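Structure file coords08.cif (mmCIF, C-alpha atoms) is printed below.
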```cif
data_target
#
loop_
_atom_site.label_atom_id
_atom_site.label_comp_id
_atom_site.auth_asym_id
_atom_site.auth_seq_id
_atom_site.Cartn_x
_atom_site.Cartn_y
_atom_site.Cartn_z
CA MET A 708 105.78 79.07 176.27
CA ASP A 709 106.81 82.47 177.47
CA ASP A 710 103.44 83.86 178.58
CA GLY A 711 101.18 83.63 181.58
CA TYR A 712 97.96 82.42 180.00
CA SER A 713 96.62 79.41 181.90
CA TYR A 714 93.76 78.27 179.68
CA TYR A 715 95.32 76.84 176.56
CA ILE A 716 93.81 73.55 175.38
CA LEU A 717 97.01 71.62 176.09
CA LYS A 718 98.38 72.18 179.57
CA PRO A 719 102.11 72.22 180.31
CA VAL A 720 103.92 69.20 181.69
CA ASP A 721 106.41 70.21 184.42
CA SER A 722 105.74 73.86 183.46
CA ARG A 723 107.02 73.20 179.94
CA TYR A 724 105.50 72.87 176.47
CA THR A 725 106.91 71.01 173.49
CA LEU A 726 107.04 72.83 170.16
CA LEU A 727 104.09 70.72 168.96
CA ASP A 728 102.09 71.69 172.07
CA TYR A 729 102.86 75.34 171.36
CA LEU A 730 101.69 75.08 167.73
CA ILE A 731 98.49 73.24 168.70
CA ASN A 732 97.71 75.76 171.45
CA THR A 733 98.34 78.71 169.15
CA ILE A 734 95.98 77.32 166.51
CA LYS A 735 93.29 76.48 169.07
CA GLN A 736 93.57 79.90 170.74
CA ASN A 737 93.88 81.98 167.56
CA LEU A 738 91.54 80.25 165.10
CA ASP A 739 87.82 79.78 165.62
CA SER A 740 86.57 79.53 162.02
CA ILE A 741 87.34 79.73 158.33
CA GLU A 742 84.71 81.56 156.33
CA LEU A 743 84.05 81.95 152.60
CA ILE A 744 83.08 85.53 151.80
CA SER A 745 82.02 87.55 148.75
CA GLY A 746 82.47 91.15 147.73
CA LYS A 747 85.46 93.46 147.49
CA MET A 748 87.25 92.31 150.63
CA ASP A 749 90.56 90.49 150.31
CA CYS A 750 91.36 87.24 152.03
CA SER A 751 92.40 88.02 155.60
CA TYR A 752 92.93 86.90 159.17
CA ASP A 753 90.90 88.72 161.84
CA ARG A 754 92.73 88.48 165.18
CA LEU A 755 89.85 89.51 167.44
CA ARG A 756 87.25 87.35 165.71
CA LYS A 757 89.85 84.60 165.28
CA ARG A 758 88.63 83.98 161.77
CA ILE A 759 90.23 83.42 158.38
CA CYS A 760 88.14 84.88 155.55
CA ILE A 761 88.60 83.62 151.99
CA ASN A 762 87.00 85.64 149.21
CA LYS A 763 85.54 83.06 146.84
CA GLU A 764 85.10 85.70 144.11
CA LYS A 765 88.85 86.29 143.90
CA ILE A 766 89.75 82.65 143.39
CA PHE A 767 90.75 82.44 139.75
CA ILE A 768 93.81 84.55 139.14
CA PHE A 769 93.76 83.26 135.57
CA SER A 770 90.74 84.00 133.40
CA ASN A 771 89.05 81.16 131.54
CA ALA A 772 90.61 82.48 128.32
CA MET A 773 94.08 82.14 129.85
CA PHE A 774 93.30 78.61 131.02
CA ASN A 775 92.19 77.75 127.48
CA ASN A 776 95.34 79.27 125.89
CA ILE A 777 97.84 77.44 128.10
CA LYS A 778 99.30 74.62 126.03
CA SER A 779 99.44 72.01 128.76
CA GLU A 780 96.13 70.87 130.20
CA ILE A 781 95.32 72.44 133.59
CA ASP A 782 92.79 70.79 135.86
CA LYS A 783 90.73 73.73 137.17
CA ASP A 784 89.54 71.74 140.20
CA LYS A 785 93.13 70.88 141.13
CA TYR A 786 94.13 74.52 140.65
CA LEU A 787 91.24 75.64 142.88
CA GLU A 788 92.26 73.15 145.59
CA LEU A 789 95.84 74.45 145.52
CA TYR A 790 94.62 78.04 145.59
CA TYR A 791 92.55 77.43 148.73
CA LYS A 792 95.47 75.66 150.42
CA ASN A 793 97.82 78.50 149.54
CA VAL A 794 95.46 81.16 150.94
CA ILE A 795 94.77 79.20 154.13
CA TYR A 796 98.49 78.55 154.72
CA HIS A 797 99.27 82.23 154.10
CA GLU A 798 96.63 83.42 156.59
CA ILE A 799 97.73 80.78 159.14
CA GLU A 800 101.21 82.34 158.96
CA HIS A 801 99.64 85.66 159.99
CA MET A 802 97.74 83.88 162.76
CA PHE A 803 100.98 82.44 164.22
CA HIS A 804 102.34 85.97 164.70
CA TYR A 805 99.80 86.73 167.42
CA LYS A 806 100.16 86.01 171.10
CA LEU A 807 97.89 87.07 173.94
CA ASN A 808 98.98 90.33 175.57
CA SER A 809 97.85 92.06 178.77
CA ILE A 810 96.61 88.80 180.27
CA LYS A 811 94.36 89.21 183.30
CA ALA A 812 94.43 86.46 185.91
CA ASN A 813 91.51 84.03 185.96
CA THR A 814 90.27 85.18 182.53
CA VAL A 815 89.51 83.09 179.45
CA TYR A 816 89.85 84.96 176.16
CA VAL A 817 87.27 84.22 173.46
CA PRO A 818 86.62 85.46 169.89
CA ALA A 819 84.87 88.85 169.73
CA ASP A 820 81.76 87.30 168.14
CA TYR A 821 81.16 85.26 171.30
CA MET A 822 80.57 88.54 173.18
CA SER A 823 78.47 90.32 170.56
CA LEU A 824 75.38 92.23 171.73
CA SER A 825 73.97 92.44 168.18
CA GLU A 826 71.04 90.09 168.90
CA PHE A 827 69.49 92.60 171.32
CA PRO A 828 67.22 95.41 170.12
CA PRO A 829 68.49 98.98 170.53
CA LEU A 830 67.98 100.49 173.96
CA LYS A 831 64.87 102.65 174.22
CA LYS A 832 65.60 106.36 173.75
CA ARG A 833 63.45 107.45 176.70
CA MET A 834 65.15 105.20 179.27
CA SER A 835 66.94 106.93 182.14
CA LEU A 836 70.73 106.70 182.24
CA ASN A 837 70.51 104.37 185.23
CA ALA A 838 67.97 102.12 183.49
CA LYS A 839 70.21 101.97 180.39
CA LYS A 840 73.20 101.07 182.54
CA VAL A 841 71.24 98.29 184.31
CA GLU A 842 69.89 96.91 181.01
CA LEU A 843 73.31 97.01 179.37
CA GLY A 844 74.79 95.18 182.38
CA ARG A 845 72.06 92.53 182.17
CA ARG A 846 72.75 92.00 178.46
CA LYS A 847 76.50 91.74 178.97
CA SER A 848 76.03 89.20 181.79
CA ARG A 849 73.76 87.09 179.61
CA VAL A 850 76.18 87.21 176.68
CA LYS A 851 79.11 86.35 178.98
CA LEU A 852 77.29 83.27 180.33
CA ARG A 853 76.49 82.12 176.82
CA ALA A 854 80.09 82.75 175.70
CA LYS A 855 81.35 80.64 178.61
CA GLU A 856 79.05 77.75 177.66
CA ARG A 857 80.19 78.03 174.06
CA ILE A 858 83.89 77.97 174.93
CA LYS A 859 83.33 75.09 177.37
CA LYS A 860 81.67 73.11 174.59
CA ARG A 861 84.62 73.86 172.33
CA ILE A 862 87.12 72.80 175.01
CA SER A 863 85.19 69.55 175.62
CA LEU A 864 85.78 68.53 171.98
CA TYR A 865 89.46 68.06 172.85
CA MET A 866 88.88 65.76 175.81
CA VAL A 867 89.34 62.85 173.36
CA LEU A 868 93.05 63.73 173.41
CA SER A 869 93.31 63.31 177.17
CA ASN A 870 94.79 59.80 176.91
CA LYS A 871 97.77 61.32 175.07
CA TYR A 872 97.95 64.92 176.34
CA ASN A 873 97.33 66.88 179.51
CA VAL A 874 94.14 68.60 178.27
CA LEU A 875 92.29 71.53 179.83
CA ASN A 876 89.03 70.36 181.44
CA PRO A 877 85.94 72.51 180.72
CA ASP A 878 85.16 72.57 184.46
CA GLU A 879 88.44 74.43 185.07
CA ILE A 880 86.94 77.62 183.65
CA ASP A 881 83.75 77.56 185.76
CA ASN A 882 84.92 80.40 188.01
CA CYS A 883 86.74 82.36 185.33
CA ASP A 884 85.84 85.68 183.78
CA ILE A 885 85.30 85.74 180.01
CA ALA A 886 86.75 88.53 177.86
CA VAL A 887 87.88 89.53 174.38
CA GLU A 888 91.56 90.33 174.23
CA GLU A 889 92.49 93.98 173.94
CA GLN A 890 93.88 95.42 170.73
CA ASN A 891 97.61 95.79 171.04
CA MET A 892 99.95 97.85 168.92
CA LYS A 893 102.40 95.78 166.89
CA TYR A 894 105.35 97.92 165.91
CA GLU A 895 106.07 95.92 162.78
CA GLU A 896 102.61 96.94 161.51
CA ILE A 897 103.35 100.69 161.81
CA MET A 898 104.67 102.63 158.84
CA LEU A 899 107.49 104.74 160.33
CA PRO A 900 108.44 107.99 158.54
CA PRO A 901 111.53 107.64 156.28
CA VAL A 902 113.53 109.95 158.57
CA PHE A 903 113.89 107.04 161.02
CA PHE A 904 115.69 104.99 158.37
CA GLU A 905 118.31 107.59 157.36
CA ILE A 906 121.81 106.26 157.49
CA GLN A 907 123.89 107.99 160.17
#
```
What does the file become when written as structure tokens?
Amino acid sequence: MDDGYSYYILKPVDSRYTLLDYLINTIKQNLDSIELISGKMDCSYDRLRKRICINKEKIFIFSNAMFNNIKSEIDKDKYLELYYKNVIYHEIEHMFHYKLNSIKANTVYVPADYMSLSEFPPLKKRMSLNAKKVELGRRKSRVKLRAKERIKKRISLYMVLSNKYNVLNPDEIDNCDIAVEEQNMKYEEIMLPPVFFEIQ
């Protein structure tokens, strides 16, 4: 693999990865969960949270009336199963487009949710700036420790593959920093003005 990240689940052999190793590492690095959601949101892949969201309210493209009017019998359960597969495969394709950028040495990158400070109450309004800075630092340290334990637990699940693969050991990240990857601009996601496409 052409990047400098050292903490993929499967480690290289003689500094090389097979295509299968690359695919497994990409999935393990880029996908933490698949979640069923409701509301107006579409199905999507969230790169920083490393999550595929499937809107269960947008499942049936056909209405019940259309199902009933189709001459051949359609098994709604089978249709639903195929729909979920199609959505998951589609979002996995998006997931495979992403690769870690701006890699810092000795840093393990985790989903954004692992580093969330949302469990803490808001900082008191009457705290001094220094006290706020100290409290915020304490909270971030606590969250970072918990994120490290969480990612170590996740890595340890793959130790069962160690008889077949060279697998990352959870102890290898003991002295690492933990971070969420930075947003990076992907040029294929930018809508360029039509003037750039004029034929010369």
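Pairwise distance (atom CA of A:Gly746, atom CA of A:Tyr805) equals 26.6 Å.
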(request) Starting from the shown file, work through the PyMOL selection byres ((chain A and resi 788-797) around 9) and note down what comes out as a ChimeraX atom specification. (result) /A:741,750-751,759-761,766-767,783-787,798-802
(message) For A:Asp881, find every residue with an atom within 10 Å (counting all atoms listed in the file), except residues of its own chain fewer than 6 positions away, and show them as a PyMOL selection string.
(response) chain A and resi 855-856+859
(message) Can you pull out the residues contacting A:Val817? Cut-off 8 Å, using only C-alpha atoms, and skip same-chain residues under 6 positions away; I want them as an NGL selection string.
(response) :A and (854 or 858 or 885-888)
Can you list, as a PDB file with C-alpha atoms, in the frame of the given file, every protein, DNA or RNA residue that comes within 10 Å of stretch 818-828 of chain A when you count only C-alpha atoms, leaving out same-chain residues fewer than 5 positions away?
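That gives us selection29.pdb:
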```pdb
ATOM      1  CA  GLN A 736      93.570  79.900 170.740  1.00  0.00           C
ATOM      2  CA  ASN A 737      93.880  81.980 167.560  1.00  0.00           C
ATOM      3  CA  LEU A 738      91.540  80.250 165.100  1.00  0.00           C
ATOM      4  CA  ASP A 739      87.820  79.780 165.620  1.00  0.00           C
ATOM      5  CA  SER A 740      86.570  79.530 162.020  1.00  0.00           C
ATOM      6  CA  ASP A 753      90.900  88.720 161.840  1.00  0.00           C
ATOM      7  CA  ARG A 754      92.730  88.480 165.180  1.00  0.00           C
ATOM      8  CA  LEU A 755      89.850  89.510 167.440  1.00  0.00           C
ATOM      9  CA  ARG A 756      87.250  87.350 165.710  1.00  0.00           C
ATOM     10  CA  LYS A 757      89.850  84.600 165.280  1.00  0.00           C
ATOM     11  CA  ARG A 758      88.630  83.980 161.770  1.00  0.00           C
ATOM     12  CA  LEU A 843      73.310  97.010 179.370  1.00  0.00           C
ATOM     13  CA  ARG A 846      72.750  92.000 178.460  1.00  0.00           C
ATOM     14  CA  LYS A 847      76.500  91.740 178.970  1.00  0.00           C
ATOM     15  CA  SER A 848      76.030  89.200 181.790  1.00  0.00           C
ATOM     16  CA  ARG A 849      73.760  87.090 179.610  1.00  0.00           C
ATOM     17  CA  VAL A 850      76.180  87.210 176.680  1.00  0.00           C
ATOM     18  CA  LYS A 851      79.110  86.350 178.980  1.00  0.00           C
ATOM     19  CA  LEU A 852      77.290  83.270 180.330  1.00  0.00           C
ATOM     20  CA  ARG A 853      76.490  82.120 176.820  1.00  0.00           C
ATOM     21  CA  ALA A 854      80.090  82.750 175.700  1.00  0.00           C
ATOM     22  CA  LYS A 855      81.350  80.640 178.610  1.00  0.00           C
ATOM     23  CA  ARG A 857      80.190  78.030 174.060  1.00  0.00           C
ATOM     24  CA  ILE A 858      83.890  77.970 174.930  1.00  0.00           C
ATOM     25  CA  ILE A 885      85.300  85.740 180.010  1.00  0.00           C
ATOM     26  CA  ALA A 886      86.750  88.530 177.860  1.00  0.00           C
ATOM     27  CA  VAL A 887      87.880  89.530 174.380  1.00  0.00           C
ATOM     28  CA  GLU A 888      91.560  90.330 174.230  1.00  0.00           C
TER      29      GLU A 888
END
```
(request) Tell me, as a list of chain:residue names, which residues lie within 8 Å of A:Lys763, counting only C-alpha atoms; anything in the same chain fewer than 4 positions away does not count. (result)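 Skipping anything fewer than 4 positions along the chain leaves A:Leu743, A:Ile744, A:Ser745.
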(request) Could you check which of A:Tyr729, A:Thr814, A:Arg861, A:Leu868 is closest to A:Asn882, using all atoms listed in the file? (result) A:Thr814
Axis-aligned box for all listed atoms of stretch 826-836 of chain A, 5 Å per side, centre and edges in Å to one decimal, as JSON:
```
{"center_x": 67.2, "center_y": 98.8, "center_z": 175.6, "size_x": 17.6, "size_y": 27.4, "size_z": 23.3}
```
(request) Using only C-alpha atoms, find the one residue out of A:Lys735, A:Pro719, A:Glu889, A:Lys871 that sits nearest to A:Leu807. (result)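 Ranked by minimum distance to A:Leu807, first place goes to A:Glu889.
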(message) Let me make sure I understand: among A:Tyr752, A:Tyr816, A:Tyr865, A:Phe803, which one has the smallest atom-to-atom distance to A:Tyr714 if we use only C-alpha atoms?
(response)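 For A:Tyr714, the nearest of the given residues is A:Tyr816.
One distance worth recording is that between atom CA of A:Leu875 and atom CA of A:Ile716, which is 5.1 Å.
Taking atom CA of A:Gly711 and atom CA of A:Ala812 as the two end points, the separation is 8.5 Å.
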(request) List every protein, DNA or RNA residue that has an atom no more than 12 Å from (99.8, 74.2, 174.9) in the file's coordinate frame, counting all atoms listed in the file, and report them as a ChimeraX atom specification. (result) /A:708-720,722-736,872-875
Completion of stretch 835-856 of chain A up to N, CA and C atoms, as an mmCIF file, in the coordinates of the input:
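The result, stored in selection18.cif:
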```
data_model
loop_
_atom_site.group_PDB
_atom_site.id
_atom_site.type_symbol
_atom_site.label_atom_id
_atom_site.label_comp_id
_atom_site.auth_asym_id
_atom_site.auth_seq_id
_atom_site.Cartn_x
_atom_site.Cartn_y
_atom_site.Cartn_z
ATOM 1 N N SER A 835 66.021 106.122 181.342
ATOM 2 C CA SER A 835 66.940 106.930 182.140
ATOM 3 C C SER A 835 68.352 106.352 181.996
ATOM 4 N N LEU A 836 69.345 107.160 182.322
ATOM 5 C CA LEU A 836 70.730 106.700 182.240
ATOM 6 C C LEU A 836 70.963 105.485 183.136
ATOM 7 N N ASN A 837 70.370 105.496 184.310
ATOM 8 C CA ASN A 837 70.510 104.370 185.230
ATOM 9 C C ASN A 837 69.863 103.109 184.657
ATOM 10 N N ALA A 838 68.665 103.274 184.081
ATOM 11 C CA ALA A 838 67.970 102.120 183.490
ATOM 12 C C ALA A 838 68.770 101.548 182.313
ATOM 13 N N LYS A 839 69.378 102.429 181.515
ATOM 14 C CA LYS A 839 70.210 101.970 180.390
ATOM 15 C C LYS A 839 71.423 101.200 180.906
ATOM 16 N N LYS A 840 72.026 101.727 181.964
ATOM 17 C CA LYS A 840 73.200 101.070 182.540
ATOM 18 C C LYS A 840 72.847 99.689 183.076
ATOM 19 N N VAL A 841 71.690 99.581 183.763
ATOM 20 C CA VAL A 841 71.240 98.290 184.310
ATOM 21 C C VAL A 841 70.945 97.312 183.181
ATOM 22 N N GLU A 842 70.249 97.782 182.144
ATOM 23 C CA GLU A 842 69.890 96.910 181.010
ATOM 24 C C GLU A 842 71.139 96.457 180.264
ATOM 25 N N LEU A 843 72.073 97.369 180.060
ATOM 26 C CA LEU A 843 73.310 97.010 179.370
ATOM 27 C C LEU A 843 74.100 95.983 180.184
ATOM 28 N N GLY A 844 74.131 96.147 181.507
ATOM 29 C CA GLY A 844 74.790 95.180 182.380
ATOM 30 C C GLY A 844 74.137 93.814 182.318
ATOM 31 N N ARG A 845 72.802 93.792 182.268
ATOM 32 C CA ARG A 845 72.060 92.530 182.170
ATOM 33 C C ARG A 845 72.399 91.819 180.859
ATOM 34 N N ARG A 846 72.429 92.586 179.770
ATOM 35 C CA ARG A 846 72.750 92.000 178.460
ATOM 36 C C ARG A 846 74.166 91.446 178.425
ATOM 37 N N LYS A 847 75.105 92.193 178.973
ATOM 38 C CA LYS A 847 76.500 91.740 178.970
ATOM 39 C C LYS A 847 76.677 90.481 179.813
ATOM 40 N N SER A 848 75.964 90.402 180.942
ATOM 41 C CA SER A 848 76.030 89.200 181.790
ATOM 42 C C SER A 848 75.486 87.990 181.047
ATOM 43 N N ARG A 849 74.383 88.191 180.359
ATOM 44 C CA ARG A 849 73.760 87.090 179.610
ATOM 45 C C ARG A 849 74.680 86.598 178.490
ATOM 46 N N VAL A 850 75.268 87.558 177.774
ATOM 47 C CA VAL A 850 76.180 87.210 176.680
ATOM 48 C C VAL A 850 77.415 86.493 177.221
ATOM 49 N N LYS A 851 77.920 86.958 178.373
ATOM 50 C CA LYS A 851 79.110 86.350 178.980
ATOM 51 C C LYS A 851 78.843 84.900 179.387
ATOM 52 N N LEU A 852 77.658 84.648 179.958
ATOM 53 C CA LEU A 852 77.290 83.270 180.330
ATOM 54 C C LEU A 852 77.226 82.377 179.097
ATOM 55 N N ARG A 853 76.611 82.902 178.046
ATOM 56 C CA ARG A 853 76.490 82.120 176.820
ATOM 57 C C ARG A 853 77.866 81.876 176.193
ATOM 58 N N ALA A 854 78.736 82.896 176.235
ATOM 59 C CA ALA A 854 80.090 82.750 175.700
ATOM 60 C C ALA A 854 80.860 81.682 176.470
ATOM 61 N N LYS A 855 80.664 81.647 177.796
ATOM 62 C CA LYS A 855 81.350 80.640 178.610
ATOM 63 C C LYS A 855 80.869 79.234 178.246
ATOM 64 N N GLU A 856 79.575 79.066 178.057
ATOM 65 C CA GLU A 856 79.050 77.750 177.660
ATOM 66 C C GLU A 856 79.592 77.346 176.290
#
```
